[in-house]
Amino acid sequence: MDYKGYFDREIERRNTGSIKWDRYKDKDIIPLWVADMDFASPPAVIEALQQHAAHGVFGYTHAPEELLEIIIHRLQKLYNWAIARDWLVWLPGLVSGLNVVCRTAGDDGDAALTNTPIYPPFLSAPGLSRRKLVTADLCKVNNRWEMDFDILNNAVTPETRLFLFCNPHNPTGRIYTKAELQQVATFCEQHDLVICSDEIHCDLLLDADKRHIPLASLDEAIAQRTITLMAPSKTYNMPGLGCAFAIIPNAYLRTKFRRVMEGIVPYINALGYTAAQAAYRDGGPWLEALLAYLAGNRDLLQERVAALPGITMTPVQATYLAWLDVHDLGLENPAAFFETQGLGFSDGAEFGAPGFLRLNFGCPRSLLTEALNRLEKAVGAIK
Ligand SMILES: Cc1ncc(COP(=O)(O)O)c(C=O)c1O
């Protein structure tokens, strides 16, 4: 199928129960916040769901054999990572996964470490799980966000049991290099930490010369202390279908993880499995076209933001999220200000970084262009 025009379609999402669009239901504010895209999923996913719906029975469902095979084969092919089928633990979402991981590593009163800025549930999961939160800021070096291992080493306390890691990183859009991942592995081994590697954005790579490396694929030692979280939800734009998985090579961690889930985390819904299977099996050409489209949006955004005084952004290597530094605009509450200008960003404060805004550019170029026109006008009006 030719995807020309597929991503340019403006699909009406108002009054469809969309969290993203309902926030500004009766207001002229373009929603550029929560991480879902305004695109239709791959046609193969839509067809598979239609077929499933036509069958008409929606009973309790386990993961289809074919889906397991597809995932195992995919990880082998993409990353040369051989996983055993019993390492897979199904989850209704990655946020539940983050919270289950927090309760799996260590005991009540222990601490979990993460880098800031970070996707907000990383900041809330430890507290919700009776763990302390410890943070270490990322640093901007040569226009690139990086981990600083001196800061990380200093942040570790005797109670720290877990490192909550995100790669590709939300919100900075970084794809960590193999050398950086090796540093993460060494750091976690030195401090005897379990690592939760959230790799939900691993398929959304916008630079053709970069590749994703699952942290656990580095070597056996790091695999034994890593809980990897993945899902087709961001890639194929179906987070509302709730289907994700953890990969846990270590038997002790896996057993504990499953025990924490027991009786609390529900089965995956039947349609989620159907969609995941169709997406991974048949969504390749759609994904290729999506990535080209997103890269075009990213380039447009970068070019337009570069021309604005008071706003900077680092190159977005992956994801459809841009991390804007607006400190120099001198605004007291940037997110609230831009809402008055018709732009609904995510507030950096929620990511542990006030003075930043996160912009979701997973939308038709026409909408992004309109948003950029509003941004230019708004910045121009600031005294
Ligand atoms: C890094 C990261 N983890 C997890 C999630 C959410 O996962 P889920 O919707 O499966 O709970 C997101 C959504 O934006 C994310 O960016």
# chains A, B, ... in the order shown; residues from 1 in each chain; ligands from 1

$ residues_near_ligand --ligand "ligand 1" --cutoff "6 Å" --atoms "only C-alpha atoms and all ligand atoms" --output "PyMOL selection string"
chain A and resi 35+93-95+119+166+170+198+200+239

$ write_last_selection --atoms "N, CA and C atoms" --output "tab-separated table (two decimals), in the first residue's frame"
chain	number	residue	atom	x	y	z
A	35	ALA	N	1.33	11.60	25.03
A	35	ALA	CA	2.01	10.92	23.92
A	35	ALA	C	1.11	9.91	23.21
A	93	GLY	N	-0.09	-2.40	30.45
A	93	GLY	CA	0.54	-1.13	30.11
A	93	GLY	C	1.89	-1.02	30.77
A	94	LEU	N	2.70	-0.09	30.28
A	94	LEU	CA	4.03	0.05	30.87
A	94	LEU	C	4.01	0.76	32.21
A	95	VAL	N	3.00	1.61	32.42
A	95	VAL	CA	2.97	2.29	33.71
A	95	VAL	C	2.73	1.27	34.82
A	119	TYR	N	9.73	11.01	32.07
A	119	TYR	CA	8.29	10.73	31.96
A	119	TYR	C	7.70	10.61	33.38
A	166	CYS	N	15.28	4.90	30.90
A	166	CYS	CA	14.38	5.08	29.76
A	166	CYS	C	15.21	5.29	28.49
A	170	ASN	N	12.36	9.57	26.96
A	170	ASN	CA	11.26	10.52	27.00
A	170	ASN	C	11.50	11.40	28.23
A	198	ASP	N	12.92	0.90	30.27
A	198	ASP	CA	11.69	1.19	29.54
A	198	ASP	C	12.07	1.53	28.11
A	200	ILE	N	9.87	1.55	25.43
A	200	ILE	CA	8.60	1.66	24.70
A	200	ILE	C	8.76	2.42	23.38
A	239	PRO	N	-2.20	3.02	22.13
A	239	PRO	CA	-2.06	2.89	23.57
A	239	PRO	C	-3.39	2.62	24.27

$ residues_around --residues "stretch 49-61 of chain A" --least-positions-apart "3" --cutoff "12 Å" --atoms "only C-alpha atoms" --output "PyMOL selection string"
chain A and resi 41-46+64-65+90+238+241+266-279

$ select_by_dssp --residues "stretch 76-320 of chain A" --states "strand (DSSP E or B)" --output "PyMOL selection string"
chain A and resi 88-91+111-116+132-137+139-141+144-146+160-166+194-198+205+226-230+244-247+312-313+318

$ write_last_selection --atoms "C-alpha atoms" --output "PDB file, in the first residue's frame"
ATOM      1  CA  LEU A  88       7.866 -12.730  28.593  1.00  0.00           C
ATOM      2  CA  VAL A  89       5.336 -11.379  31.078  1.00  0.00           C
ATOM      3  CA  TRP A  90       2.265  -9.664  29.621  1.00  0.00           C
ATOM      4  CA  LEU A  91       1.086  -6.350  31.011  1.00  0.00           C
ATOM      5  CA  ALA A 111      15.032   3.652  47.104  1.00  0.00           C
ATOM      6  CA  ALA A 112      14.702   3.833  43.323  1.00  0.00           C
ATOM      7  CA  LEU A 113      16.920   6.092  41.232  1.00  0.00           C
ATOM      8  CA  THR A 114      16.082   7.771  37.961  1.00  0.00           C
ATOM      9  CA  ASN A 115      17.354  10.524  35.685  1.00  0.00           C
ATOM     10  CA  THR A 116      15.507  13.808  35.397  1.00  0.00           C
ATOM     11  CA  LYS A 132      11.963   6.550  48.117  1.00  0.00           C
ATOM     12  CA  LEU A 133      12.673   8.423  44.937  1.00  0.00           C
ATOM     13  CA  VAL A 134      16.228   9.524  44.197  1.00  0.00           C
ATOM     14  CA  THR A 135      16.969  11.597  41.107  1.00  0.00           C
ATOM     15  CA  ALA A 136      20.027  12.526  39.085  1.00  0.00           C
ATOM     16  CA  ASP A 137      19.842  15.289  36.479  1.00  0.00           C
ATOM     17  CA  CYS A 139      23.300  17.229  31.531  1.00  0.00           C
ATOM     18  CA  LYS A 140      23.304  19.041  28.230  1.00  0.00           C
ATOM     19  CA  VAL A 141      26.711  18.527  26.636  1.00  0.00           C
ATOM     20  CA  ARG A 144      22.935  16.604  23.564  1.00  0.00           C
ATOM     21  CA  TRP A 145      21.376  15.326  26.794  1.00  0.00           C
ATOM     22  CA  GLU A 146      23.685  12.881  28.560  1.00  0.00           C
ATOM     23  CA  THR A 160      19.083   2.222  46.462  1.00  0.00           C
ATOM     24  CA  ARG A 161      18.025  -1.036  44.804  1.00  0.00           C
ATOM     25  CA  LEU A 162      16.663   0.033  41.438  1.00  0.00           C
ATOM     26  CA  PHE A 163      17.574   2.217  38.471  1.00  0.00           C
ATOM     27  CA  LEU A 164      14.582   3.278  36.384  1.00  0.00           C
ATOM     28  CA  PHE A 165      16.046   3.849  32.935  1.00  0.00           C
ATOM     29  CA  CYS A 166      14.383   5.077  29.758  1.00  0.00           C
ATOM     30  CA  VAL A 194      18.156  -3.965  39.391  1.00  0.00           C
ATOM     31  CA  ILE A 195      17.433  -1.993  36.219  1.00  0.00           C
ATOM     32  CA  CYS A 196      14.106  -1.339  34.668  1.00  0.00           C
ATOM     33  CA  SER A 197      14.770  -0.444  31.039  1.00  0.00           C
ATOM     34  CA  ASP A 198      11.690   1.194  29.542  1.00  0.00           C
ATOM     35  CA  LEU A 205      13.976   6.117  15.537  1.00  0.00           C
ATOM     36  CA  THR A 226      17.386  -6.077  33.817  1.00  0.00           C
ATOM     37  CA  ILE A 227      13.624  -5.948  33.442  1.00  0.00           C
ATOM     38  CA  THR A 228      12.912  -4.651  29.949  1.00  0.00           C
ATOM     39  CA  LEU A 229       9.542  -3.087  29.184  1.00  0.00           C
ATOM     40  CA  MET A 230       8.265  -2.917  25.605  1.00  0.00           C
ATOM     41  CA  ALA A 244       2.545  -4.488  26.681  1.00  0.00           C
ATOM     42  CA  PHE A 245       5.150  -6.888  27.988  1.00  0.00           C
ATOM     43  CA  ALA A 246       8.142  -7.269  30.236  1.00  0.00           C
ATOM     44  CA  ILE A 247      11.154  -9.401  29.383  1.00  0.00           C
ATOM     45  CA  THR A 312      16.040  26.107  22.170  1.00  0.00           C
ATOM     46  CA  MET A 313      15.682  22.411  21.523  1.00  0.00           C
ATOM     47  CA  ALA A 318      13.764   9.222  18.505  1.00  0.00           C
TER      48      ALA A 318
END

$ select_by_dssp --residues "stretch 22-186 of chain A" --states "alpha helix (DSSP H)" --output "PDB file with C-alpha atoms, in the first residue's frame"
ATOM      1  CA  ASP A  22     -10.832  16.420  25.560  1.00  0.00           C
ATOM      2  CA  PRO A  43      -4.692  -0.699   8.015  1.00  0.00           C
ATOM      3  CA  ALA A  44      -3.683  -4.262   8.936  1.00  0.00           C
ATOM      4  CA  VAL A  45      -4.433  -3.503  12.606  1.00  0.00           C
ATOM      5  CA  ILE A  46      -7.804  -1.994  11.780  1.00  0.00           C
ATOM      6  CA  GLU A  47      -8.725  -4.993   9.605  1.00  0.00           C
ATOM      7  CA  ALA A  48      -7.650  -7.503  12.248  1.00  0.00           C
ATOM      8  CA  LEU A  49      -9.759  -5.703  14.855  1.00  0.00           C
ATOM      9  CA  GLN A  50     -12.745  -5.648  12.500  1.00  0.00           C
ATOM     10  CA  GLN A  51     -12.412  -9.386  11.941  1.00  0.00           C
ATOM     11  CA  HIS A  52     -12.131  -9.997  15.665  1.00  0.00           C
ATOM     12  CA  ALA A  53     -15.195  -7.836  16.316  1.00  0.00           C
ATOM     13  CA  ALA A  54     -17.138  -9.763  13.670  1.00  0.00           C
ATOM     14  CA  HIS A  55     -16.381 -13.008  15.510  1.00  0.00           C
ATOM     15  CA  GLU A  65       1.147 -18.533  19.942  1.00  0.00           C
ATOM     16  CA  GLU A  66       1.841 -16.603  16.770  1.00  0.00           C
ATOM     17  CA  LEU A  67       2.341 -13.350  18.682  1.00  0.00           C
ATOM     18  CA  LEU A  68       4.934 -14.977  20.939  1.00  0.00           C
ATOM     19  CA  GLU A  69       6.765 -16.324  17.901  1.00  0.00           C
ATOM     20  CA  ILE A  70       6.623 -12.939  16.180  1.00  0.00           C
ATOM     21  CA  ILE A  71       8.101 -11.124  19.180  1.00  0.00           C
ATOM     22  CA  ILE A  72      10.863 -13.677  19.719  1.00  0.00           C
ATOM     23  CA  HIS A  73      11.760 -13.579  16.038  1.00  0.00           C
ATOM     24  CA  ARG A  74      11.595  -9.777  15.938  1.00  0.00           C
ATOM     25  CA  LEU A  75      13.988  -9.309  18.868  1.00  0.00           C
ATOM     26  CA  GLN A  76      16.386 -11.777  17.280  1.00  0.00           C
ATOM     27  CA  LYS A  77      16.224 -10.123  13.876  1.00  0.00           C
ATOM     28  CA  LEU A  78      16.363  -6.492  14.990  1.00  0.00           C
ATOM     29  CA  TYR A  79      18.799  -6.753  17.891  1.00  0.00           C
ATOM     30  CA  LEU A  94       4.029   0.049  30.866  1.00  0.00           C
ATOM     31  CA  VAL A  95       2.973   2.295  33.713  1.00  0.00           C
ATOM     32  CA  SER A  96       1.696  -0.749  35.599  1.00  0.00           C
ATOM     33  CA  GLY A  97       5.010  -2.350  34.676  1.00  0.00           C
ATOM     34  CA  LEU A  98       6.988   0.513  36.222  1.00  0.00           C
ATOM     35  CA  ASN A  99       5.005   0.227  39.437  1.00  0.00           C
ATOM     36  CA  VAL A 100       5.312  -3.563  39.558  1.00  0.00           C
ATOM     37  CA  VAL A 101       9.069  -3.266  39.035  1.00  0.00           C
ATOM     38  CA  CYS A 102       9.332  -0.831  41.967  1.00  0.00           C
ATOM     39  CA  ARG A 103       7.618  -3.388  44.213  1.00  0.00           C
ATOM     40  CA  THR A 104       9.778  -6.201  42.819  1.00  0.00           C
ATOM     41  CA  PRO A 121       5.223   8.003  36.171  1.00  0.00           C
ATOM     42  CA  PHE A 122       8.928   7.308  36.799  1.00  0.00           C
ATOM     43  CA  LEU A 123       8.729   9.962  39.504  1.00  0.00           C
ATOM     44  CA  SER A 124       5.488   8.722  41.046  1.00  0.00           C
ATOM     45  CA  ALA A 125       5.974   4.923  40.872  1.00  0.00           C
ATOM     46  CA  PRO A 126       8.513   4.672  43.733  1.00  0.00           C
ATOM     47  CA  GLY A 127       6.324   6.622  46.181  1.00  0.00           C
ATOM     48  CA  LEU A 128       3.223   4.655  45.178  1.00  0.00           C
ATOM     49  CA  PHE A 149      27.934   9.219  36.083  1.00  0.00           C
ATOM     50  CA  ASP A 150      29.456  11.410  38.803  1.00  0.00           C
ATOM     51  CA  ILE A 151      25.983  12.781  39.511  1.00  0.00           C
ATOM     52  CA  LEU A 152      24.511   9.279  39.364  1.00  0.00           C
ATOM     53  CA  ASN A 153      27.174   7.817  41.658  1.00  0.00           C
ATOM     54  CA  ASN A 154      26.622  10.607  44.162  1.00  0.00           C
ATOM     55  CA  ALA A 155      22.876  10.101  44.101  1.00  0.00           C
ATOM     56  CA  LYS A 178      26.371   1.384  22.990  1.00  0.00           C
ATOM     57  CA  ALA A 179      29.182   3.051  24.981  1.00  0.00           C
ATOM     58  CA  GLU A 180      26.650   4.866  27.171  1.00  0.00           C
ATOM     59  CA  LEU A 181      24.686   1.649  27.722  1.00  0.00           C
ATOM     60  CA  GLN A 182      27.874  -0.101  28.748  1.00  0.00           C
ATOM     61  CA  GLN A 183      28.433   2.656  31.314  1.00  0.00           C
ATOM     62  CA  VAL A 184      24.894   2.105  32.611  1.00  0.00           C
ATOM     63  CA  ALA A 185      25.612  -1.610  32.933  1.00  0.00           C
ATOM     64  CA  THR A 186      28.864  -1.020  34.808  1.00  0.00           C
TER      65      THR A 186
END

$ decode --residues "stretch 90-135 of chain A" --atoms "C-alpha atoms" --output "PDB file, in the first residue's frame"
ATOM      1  CA  TRP A  90       2.265  -9.664  29.621  1.00  0.00           C
ATOM      2  CA  LEU A  91       1.086  -6.350  31.011  1.00  0.00           C
ATOM      3  CA  PRO A  92      -1.868  -4.077  30.280  1.00  0.00           C
ATOM      4  CA  GLY A  93       0.538  -1.132  30.107  1.00  0.00           C
ATOM      5  CA  LEU A  94       4.029   0.049  30.866  1.00  0.00           C
ATOM      6  CA  VAL A  95       2.973   2.295  33.713  1.00  0.00           C
ATOM      7  CA  SER A  96       1.696  -0.749  35.599  1.00  0.00           C
ATOM      8  CA  GLY A  97       5.010  -2.350  34.676  1.00  0.00           C
ATOM      9  CA  LEU A  98       6.988   0.513  36.222  1.00  0.00           C
ATOM     10  CA  ASN A  99       5.005   0.227  39.437  1.00  0.00           C
ATOM     11  CA  VAL A 100       5.312  -3.563  39.558  1.00  0.00           C
ATOM     12  CA  VAL A 101       9.069  -3.266  39.035  1.00  0.00           C
ATOM     13  CA  CYS A 102       9.332  -0.831  41.967  1.00  0.00           C
ATOM     14  CA  ARG A 103       7.618  -3.388  44.213  1.00  0.00           C
ATOM     15  CA  THR A 104       9.778  -6.201  42.819  1.00  0.00           C
ATOM     16  CA  ALA A 105      13.168  -4.627  43.545  1.00  0.00           C
ATOM     17  CA  GLY A 106      14.094  -4.480  47.230  1.00  0.00           C
ATOM     18  CA  ASP A 107      11.732  -3.901  50.130  1.00  0.00           C
ATOM     19  CA  ASP A 108       9.538  -1.164  51.563  1.00  0.00           C
ATOM     20  CA  GLY A 109      11.645   1.850  52.450  1.00  0.00           C
ATOM     21  CA  ASP A 110      14.328   1.127  49.831  1.00  0.00           C
ATOM     22  CA  ALA A 111      15.032   3.652  47.104  1.00  0.00           C
ATOM     23  CA  ALA A 112      14.702   3.833  43.323  1.00  0.00           C
ATOM     24  CA  LEU A 113      16.920   6.092  41.232  1.00  0.00           C
ATOM     25  CA  THR A 114      16.082   7.771  37.961  1.00  0.00           C
ATOM     26  CA  ASN A 115      17.354  10.524  35.685  1.00  0.00           C
ATOM     27  CA  THR A 116      15.507  13.808  35.397  1.00  0.00           C
ATOM     28  CA  PRO A 117      13.859  15.080  33.338  1.00  0.00           C
ATOM     29  CA  ILE A 118      11.748  11.968  32.933  1.00  0.00           C
ATOM     30  CA  TYR A 119       8.288  10.731  31.957  1.00  0.00           C
ATOM     31  CA  PRO A 120       6.229  11.566  35.112  1.00  0.00           C
ATOM     32  CA  PRO A 121       5.223   8.003  36.171  1.00  0.00           C
ATOM     33  CA  PHE A 122       8.928   7.308  36.799  1.00  0.00           C
ATOM     34  CA  LEU A 123       8.729   9.962  39.504  1.00  0.00           C
ATOM     35  CA  SER A 124       5.488   8.722  41.046  1.00  0.00           C
ATOM     36  CA  ALA A 125       5.974   4.923  40.872  1.00  0.00           C
ATOM     37  CA  PRO A 126       8.513   4.672  43.733  1.00  0.00           C
ATOM     38  CA  GLY A 127       6.324   6.622  46.181  1.00  0.00           C
ATOM     39  CA  LEU A 128       3.223   4.655  45.178  1.00  0.00           C
ATOM     40  CA  SER A 129       5.249   1.512  45.875  1.00  0.00           C
ATOM     41  CA  ARG A 130       6.525   2.573  49.298  1.00  0.00           C
ATOM     42  CA  ARG A 131       9.989   3.323  47.916  1.00  0.00           C
ATOM     43  CA  LYS A 132      11.963   6.550  48.117  1.00  0.00           C
ATOM     44  CA  LEU A 133      12.673   8.423  44.937  1.00  0.00           C
ATOM     45  CA  VAL A 134      16.228   9.524  44.197  1.00  0.00           C
ATOM     46  CA  THR A 135      16.969  11.597  41.107  1.00  0.00           C
TER      47      THR A 135
END
